[in-house]
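Undergrad: To be precise about what I am sending: the file is called entry_12.cif and holds mmCIF, C-alpha atoms.
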data_data
#
loop_
_atom_site.group_PDB
_atom_site.id
_atom_site.type_symbol
_atom_site.label_atom_id
_atom_site.label_comp_id
_atom_site.auth_asym_id
_atom_site.auth_seq_id
_atom_site.Cartn_x
_atom_site.Cartn_y
_atom_site.Cartn_z
ATOM 1 C CA MET E 1 42.418 -42.965 26.014
ATOM 2 C CA ILE E 2 44.165 -45.951 27.507
ATOM 3 C CA THR E 3 47.948 -45.860 27.423
ATOM 4 C CA GLY E 4 50.922 -47.450 29.122
ATOM 5 C CA PRO E 5 53.677 -50.015 28.692
ATOM 6 C CA GLU E 6 53.407 -53.512 27.284
ATOM 7 C CA SER E 7 51.395 -56.058 29.240
ATOM 8 C CA SER E 8 49.836 -53.488 31.562
ATOM 9 C CA GLY E 9 46.214 -54.407 30.840
ATOM 10 C CA LYS E 10 45.343 -51.770 28.229
ATOM 11 C CA THR E 11 43.334 -53.984 25.874
ATOM 12 C CA THR E 12 41.558 -55.767 28.714
ATOM 13 C CA LEU E 13 40.549 -52.419 30.203
ATOM 14 C CA ALA E 14 39.414 -51.087 26.816
ATOM 15 C CA CYS E 15 37.165 -54.123 26.302
ATOM 16 C CA GLN E 16 35.750 -53.867 29.827
ATOM 17 C CA LEU E 17 35.068 -50.134 29.486
ATOM 18 C CA ALA E 18 33.403 -50.599 26.106
ATOM 19 C CA LYS E 19 31.082 -53.197 27.579
ATOM 20 C CA ALA E 20 30.356 -51.202 30.750
ATOM 21 C CA LEU E 21 29.654 -47.976 28.819
ATOM 22 C CA SER E 22 27.989 -49.624 25.797
ATOM 23 C CA GLU E 23 30.429 -47.913 23.463
ATOM 24 C CA PRO E 24 32.764 -49.130 20.715
ATOM 25 C CA TRP E 25 36.482 -49.135 21.337
ATOM 26 C CA THR E 26 39.357 -48.441 18.971
ATOM 27 C CA PRO E 27 41.788 -51.366 18.871
ATOM 28 C CA GLU E 28 45.542 -50.954 18.573
ATOM 29 C CA PHE E 29 46.268 -50.826 14.829
ATOM 30 C CA ALA E 30 49.932 -51.809 15.308
ATOM 31 C CA ARG E 31 48.978 -55.233 16.647
ATOM 32 C CA TYR E 32 47.072 -56.123 13.463
ATOM 33 C CA TYR E 33 49.663 -54.561 11.188
ATOM 34 C CA LEU E 34 52.595 -56.382 12.793
ATOM 35 C CA GLU E 35 50.794 -59.741 12.835
ATOM 36 C CA TRP E 36 50.476 -59.557 9.038
ATOM 37 C CA LEU E 37 53.752 -57.810 8.199
ATOM 38 C CA GLY E 38 55.715 -61.012 7.554
ATOM 39 C CA ARG E 39 59.028 -59.532 8.736
ATOM 40 C CA SER E 40 60.488 -57.626 11.650
ATOM 41 C CA TYR E 41 59.298 -54.054 11.729
ATOM 42 C CA LYS E 42 61.524 -51.070 11.024
ATOM 43 C CA LYS E 43 61.224 -47.507 12.213
ATOM 44 C CA GLU E 44 59.877 -46.552 8.771
ATOM 45 C CA ASP E 45 56.873 -48.825 9.456
ATOM 46 C CA LEU E 46 55.836 -46.463 12.240
ATOM 47 C CA SER E 47 54.576 -44.013 9.621
ATOM 48 C CA THR E 48 52.128 -46.617 8.288
ATOM 49 C CA ILE E 49 51.190 -47.646 11.817
ATOM 50 C CA GLY E 50 50.546 -43.998 12.736
ATOM 51 C CA LYS E 51 48.341 -43.493 9.691
ATOM 52 C CA GLY E 52 46.410 -46.681 10.412
ATOM 53 C CA GLN E 53 45.935 -45.808 14.091
ATOM 54 C CA LYS E 54 44.645 -42.331 13.266
ATOM 55 C CA SER E 55 42.247 -43.760 10.664
ATOM 56 C CA TRP E 56 40.898 -46.307 13.125
ATOM 57 C CA GLU E 57 40.486 -43.626 15.809
ATOM 58 C CA ASN E 58 38.411 -41.555 13.384
ATOM 59 C CA TRP E 59 36.324 -44.521 12.174
ATOM 60 C CA TYR E 60 35.542 -46.006 15.598
ATOM 61 C CA GLY E 61 35.240 -42.570 17.187
ATOM 62 C CA ALA E 62 32.528 -41.599 14.721
ATOM 63 C CA ARG E 63 30.456 -44.513 16.050
ATOM 64 C CA ALA E 64 30.720 -43.481 19.695
ATOM 65 C CA VAL E 65 27.648 -41.986 21.315
ATOM 66 C CA GLN E 66 29.213 -40.352 24.379
ATOM 67 C CA PHE E 67 32.682 -41.843 24.947
ATOM 68 C CA ALA E 68 35.338 -42.723 22.375
ATOM 69 C CA ILE E 69 37.396 -45.458 24.035
ATOM 70 C CA ARG E 70 40.852 -45.952 22.548
ATOM 71 C CA ASP E 71 43.379 -48.699 23.195
ATOM 72 C CA THR E 72 46.422 -46.649 22.138
ATOM 73 C CA ASP E 73 47.038 -43.335 20.423
ATOM 74 C CA TRP E 74 49.986 -41.113 19.538
ATOM 75 C CA THR E 75 51.430 -41.408 23.066
ATOM 76 C CA VAL E 76 52.178 -45.105 22.551
ATOM 77 C CA LEU E 77 53.656 -44.454 19.124
ATOM 78 C CA LYS E 78 55.854 -41.632 20.406
ATOM 79 C CA VAL E 79 57.135 -43.473 23.473
ATOM 80 C CA TRP E 80 57.714 -46.655 21.514
ATOM 81 C CA GLU E 81 59.679 -44.931 18.750
ATOM 82 C CA GLN E 82 61.807 -43.076 21.270
ATOM 83 C CA PHE E 83 62.498 -46.203 23.308
ATOM 84 C CA ARG E 84 63.019 -48.641 20.442
ATOM 85 C CA PHE E 85 64.777 -46.453 17.869
ATOM 86 C CA GLY E 86 65.843 -43.253 19.644
ATOM 87 C CA THR E 87 63.927 -41.180 17.084
ATOM 88 C CA ASP E 88 60.676 -39.243 17.145
ATOM 89 C CA MET E 89 59.480 -38.509 13.635
ATOM 90 C CA PHE E 90 58.302 -41.582 11.772
ATOM 91 C CA TRP E 91 55.042 -42.021 13.728
ATOM 92 C CA ARG E 92 54.233 -38.334 13.071
ATOM 93 C CA LYS E 93 54.547 -38.769 9.298
ATOM 94 C CA GLY E 94 51.526 -41.048 9.301
ATOM 95 C CA TYR E 95 49.601 -39.917 12.372
ATOM 96 C CA GLY E 96 49.882 -36.203 11.858
ATOM 97 C CA ALA E 97 49.472 -33.605 14.562
ATOM 98 C CA PRO E 98 48.600 -35.216 17.881
ATOM 99 C CA ALA E 99 45.603 -33.995 19.816
ATOM 100 C CA ALA E 100 45.262 -34.662 23.522
ATOM 101 C CA ALA E 101 42.431 -36.861 24.685
ATOM 102 C CA ASP E 102 39.985 -35.569 27.286
ATOM 103 C CA LEU E 103 41.320 -38.165 29.726
ATOM 104 C CA TYR E 104 44.229 -40.603 29.700
ATOM 105 C CA LEU E 105 44.088 -43.769 31.734
ATOM 106 C CA LEU E 106 47.740 -44.658 32.321
ATOM 107 C CA CYS E 107 47.985 -48.356 33.109
ATOM 108 C CA SER E 108 50.589 -49.328 35.649
ATOM 109 C CA PRO E 109 52.797 -52.334 34.880
ATOM 110 C CA ASP E 110 51.968 -53.927 38.240
ATOM 111 C CA LEU E 111 50.186 -56.869 36.575
ATOM 112 C CA PRO E 112 52.181 -60.027 35.830
ATOM 113 C CA TRP E 113 53.914 -60.079 32.441
ATOM 114 C CA GLN E 114 51.878 -61.918 29.804
ATOM 115 C CA PRO E 115 54.082 -63.399 27.057
ATOM 116 C CA ASP E 116 53.096 -62.436 23.530
ATOM 117 C CA PRO E 117 55.097 -62.708 20.286
ATOM 118 C CA LEU E 118 54.675 -58.951 19.688
ATOM 119 C CA ARG E 119 55.929 -57.881 23.112
ATOM 120 C CA GLU E 120 59.608 -57.121 23.400
ATOM 121 C CA HIS E 121 60.712 -55.713 26.757
ATOM 122 C CA PRO E 122 59.440 -57.488 29.885
ATOM 123 C CA ASN E 123 62.233 -55.999 32.000
ATOM 124 C CA HIS E 124 61.702 -52.375 30.967
ATOM 125 C CA ARG E 125 58.054 -51.836 31.858
ATOM 126 C CA GLU E 126 58.780 -49.511 34.803
ATOM 127 C CA GLU E 127 61.121 -47.419 32.663
ATOM 128 C CA LEU E 128 58.477 -47.229 29.915
ATOM 129 C CA PHE E 129 55.791 -46.336 32.475
ATOM 130 C CA GLU E 130 57.906 -43.377 33.598
ATOM 131 C CA MET E 131 58.299 -42.273 29.971
ATOM 132 C CA TYR E 132 54.494 -42.246 29.620
ATOM 133 C CA ARG E 133 54.013 -40.392 32.906
ATOM 134 C CA THR E 134 56.608 -37.791 31.872
ATOM 135 C CA LEU E 135 55.055 -37.323 28.426
ATOM 136 C CA LEU E 136 51.554 -36.865 29.863
ATOM 137 C CA SER E 137 52.833 -34.436 32.505
ATOM 138 C CA GLU E 138 54.887 -32.415 30.010
ATOM 139 C CA THR E 139 51.912 -32.074 27.650
ATOM 140 C CA ASN E 140 49.599 -31.069 30.542
ATOM 141 C CA ALA E 141 47.335 -33.994 29.727
ATOM 142 C CA ARG E 142 44.641 -34.942 32.204
ATOM 143 C CA PHE E 143 45.468 -38.461 33.361
ATOM 144 C CA GLU E 144 44.768 -40.995 36.063
ATOM 145 C CA ILE E 145 47.023 -43.893 36.933
ATOM 146 C CA ILE E 146 45.170 -47.190 36.840
ATOM 147 C CA ASP E 147 46.709 -49.890 38.988
ATOM 148 C CA GLY E 148 46.031 -52.910 41.136
ATOM 149 C CA LYS E 149 44.198 -56.080 40.324
ATOM 150 C CA GLU E 150 42.185 -56.336 37.123
ATOM 151 C CA SER E 151 38.860 -56.116 38.997
ATOM 152 C CA ALA E 152 39.851 -52.819 40.647
ATOM 153 C CA ARG E 153 41.062 -51.260 37.408
ATOM 154 C CA LEU E 154 37.651 -51.061 35.787
ATOM 155 C CA ALA E 155 36.202 -49.355 38.883
ATOM 156 C CA GLN E 156 39.088 -46.839 38.902
ATOM 157 C CA ALA E 157 38.608 -46.103 35.205
ATOM 158 C CA ILE E 158 34.852 -45.592 35.537
ATOM 159 C CA ALA E 159 35.347 -43.322 38.563
ATOM 160 C CA ALA E 160 37.860 -41.207 36.600
ATOM 161 C CA ILE E 161 35.477 -40.927 33.640
ATOM 162 C CA GLU E 162 32.548 -40.011 35.903
ATOM 163 C CA LYS E 163 34.660 -37.379 37.657
ATOM 164 C CA LEU E 164 35.567 -35.845 34.305
ATOM 165 C CA SER E 165 32.074 -36.011 32.820
ATOM 166 C CA ARG E 166 30.213 -34.570 35.835
ATOM 167 C CA PRO E 167 31.002 -30.968 34.833
ATOM 168 C CA LEU E 168 29.986 -31.759 31.260
ATOM 169 C CA ARG E 169 26.544 -32.833 32.472
ATOM 170 C CA GLY E 170 26.134 -29.791 34.672
ATOM 171 C CA SER E 171 25.976 -31.696 37.982
#
Rewrite the coordinates I just gave you, this time as structure tokens.
TA:
Amino acid sequence: MITGPESSGKTTLACQLAKALSEPWTPEFARYYLEWLGRSYKKEDLSTIGKGQKSWENWYGARAVQFAIRDTDWTVLKVWEQFRFGTDMFWRKGYGAPAAADLYLLCSPDLPWQPDPLREHPNHREELFEMYRTLLSETNARFEIIDGKESARLAQAIAAIEKLSRPLRGS
């Protein structure tokens, strides 16, 4: 699972991993939903976004052979709702009970900001990164921080996945 603040390379890494591992990847449902919403989103929309994200995770995940690669999950919804609205319940209404991924790749915001109409907080990426790190630590999630230049990130991600999957293969 790839997580982290806005403009930290999550989608790029998901696409690269999918290609390198010959697996499908689950896109971020919120991006598609918000592009077609036709108005500013409200906290109540997070319930629909949560439901859509969970549905996409199930659909794309069922097509994975060995690795289900996800560009976003409940961690992004939770952090975003807390940061943007100061609440933590609307995403749960749609997403349901969160389940931890086998491995989280937490993308550092050390890449240059890329403007995008859906991105809102270019000056809060470090603060958001710390919220993700805290959430993953508090939930005892297995995670690796992915940082540096784009070319190094894919190698870091693959190394983390190989490290995790070695015991699964019995080597």
Undergrad: Step by step, work through what the PyMOL selection byres ((chain E and resi 29) around 10) selects in the shown file, and finish by giving those residues as a VMD selection string.
TA: chain E and resid 26 to 28 30 to 34 48 to 57 71 to 73
Undergrad: For Gln156 of chain E, which residue among E:Ala97, E:Ser47, E:Phe143, E:Leu37 is the nearest when counting only C-alpha atoms?
TA: E:Phe143
Undergrad: Expand the PyMOL selection byres ((chain E and resi 130) around 12) into the individual residues it matches in the shown file, reporting them as a ChimeraX atom specification.
TA: /E:3-5,79,83,106-109,124-129,131-138,145
Undergrad: Selected residues, C-alpha atoms, written as a PDB file, keeping the file's coordinate frame, please.
TA:
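Result file follows (again.pdb):
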ATOM      1  CA  THR E   3      47.948 -45.860  27.423  1.00  0.00           C
ATOM      2  CA  GLY E   4      50.922 -47.450  29.122  1.00  0.00           C
ATOM      3  CA  PRO E   5      53.677 -50.015  28.692  1.00  0.00           C
ATOM      4  CA  VAL E  79      57.135 -43.473  23.473  1.00  0.00           C
ATOM      5  CA  PHE E  83      62.498 -46.203  23.308  1.00  0.00           C
ATOM      6  CA  LEU E 106      47.740 -44.658  32.321  1.00  0.00           C
ATOM      7  CA  CYS E 107      47.985 -48.356  33.109  1.00  0.00           C
ATOM      8  CA  SER E 108      50.589 -49.328  35.649  1.00  0.00           C
ATOM      9  CA  PRO E 109      52.797 -52.334  34.880  1.00  0.00           C
ATOM     10  CA  HIS E 124      61.702 -52.375  30.967  1.00  0.00           C
ATOM     11  CA  ARG E 125      58.054 -51.836  31.858  1.00  0.00           C
ATOM     12  CA  GLU E 126      58.780 -49.511  34.803  1.00  0.00           C
ATOM     13  CA  GLU E 127      61.121 -47.419  32.663  1.00  0.00           C
ATOM     14  CA  LEU E 128      58.477 -47.229  29.915  1.00  0.00           C
ATOM     15  CA  PHE E 129      55.791 -46.336  32.475  1.00  0.00           C
ATOM     16  CA  MET E 131      58.299 -42.273  29.971  1.00  0.00           C
ATOM     17  CA  TYR E 132      54.494 -42.246  29.620  1.00  0.00           C
ATOM     18  CA  ARG E 133      54.013 -40.392  32.906  1.00  0.00           C
ATOM     19  CA  THR E 134      56.608 -37.791  31.872  1.00  0.00           C
ATOM     20  CA  LEU E 135      55.055 -37.323  28.426  1.00  0.00           C
ATOM     21  CA  LEU E 136      51.554 -36.865  29.863  1.00  0.00           C
ATOM     22  CA  SER E 137      52.833 -34.436  32.505  1.00  0.00           C
ATOM     23  CA  GLU E 138      54.887 -32.415  30.010  1.00  0.00           C
ATOM     24  CA  ILE E 145      47.023 -43.893  36.933  1.00  0.00           C
TER      25      ILE E 145
END
Undergrad: Write out as a list of chain:residue names which residues come within 12 Å of Ala152 of chain E when counting only C-alpha atoms, dropping same-chain ones fewer than 6 positions away.
TA: E:Gly9, E:Leu13, E:Gln16, E:Cys107, E:Leu111, E:Ile146, E:Ile158, E:Ala159
Undergrad: In terms of the shortest atom-to-atom distance over all atoms listed in the file, which of E:Pro24, E:Gly86, E:Pro122, E:Gly94 is closest to Val65 of chain E?
TA: E:Pro24
Undergrad: Of the candidates E:Ala99, E:Lys163, E:Asn123, E:Phe90, which shows the shortest atom-to-atom distance to Lys43 of chain E, using only C-alpha atoms?
TA: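 Smallest separation from Lys43 of chain E among the options: E:Phe90.
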Undergrad: Taking only C-alpha atoms into account, which of E:Lys149, E:Lys10, E:Lys42, E:Arg63 comes nearest Thr87 of chain E?
TA: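 Distance minimum relative to Thr87 of chain E lands on E:Lys42.
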Undergrad: Select, from E:Glu35, E:Glu144, E:Glu150, E:Glu23, the residue with the minimum atom-to-atom distance to Asp102 of chain E, counting all atoms listed in the file.
TA: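 Ranking E:Glu35, E:Glu144, E:Glu150, E:Glu23 by distance to Asp102 of chain E, first place goes to E:Glu144.
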Undergrad: Smallest atom-to-atom distance to Leu164 of chain E: which of E:Asp88, E:Gln82, E:Ser151, E:Phe67, using all atoms listed in the file?
TA: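 Looking at the shortest contact to Leu164 of chain E, the residue is E:Phe67.
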Undergrad: Mind giving me the straight-line distance from atom CA of Ser22 of chain E to atom CA of Leu118 of chain E in Å, one decimal?
TA: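 Straight-line distance from atom CA of Ser22 of chain E to atom CA of Leu118 of chain E works out to 28.9 Å.
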Undergrad: Could you state the separation of atom CA of Lys19 of chain E and atom CA of Asp116 of chain E in Å, given to one decimal place?
TA: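 We find that atom CA of Lys19 of chain E and atom CA of Asp116 of chain E lie 24.2 Å from each other.
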Undergrad: Could you tell me how far atom CA of His121 of chain E lies from atom CA of Ser8 of chain E, in Å and to one decimal?
TA: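 Separation of atom CA of His121 of chain E and atom CA of Ser8 of chain E: 12.1 Å.
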Undergrad: As a PyMOL selection string, please: the residues near Ile69 of chain E (cut-off 8 Å, all atoms listed in the file, same-chain neighbours under 6 positions excluded).
TA: chain E and resi 1-2+14+17-18+23-26+61
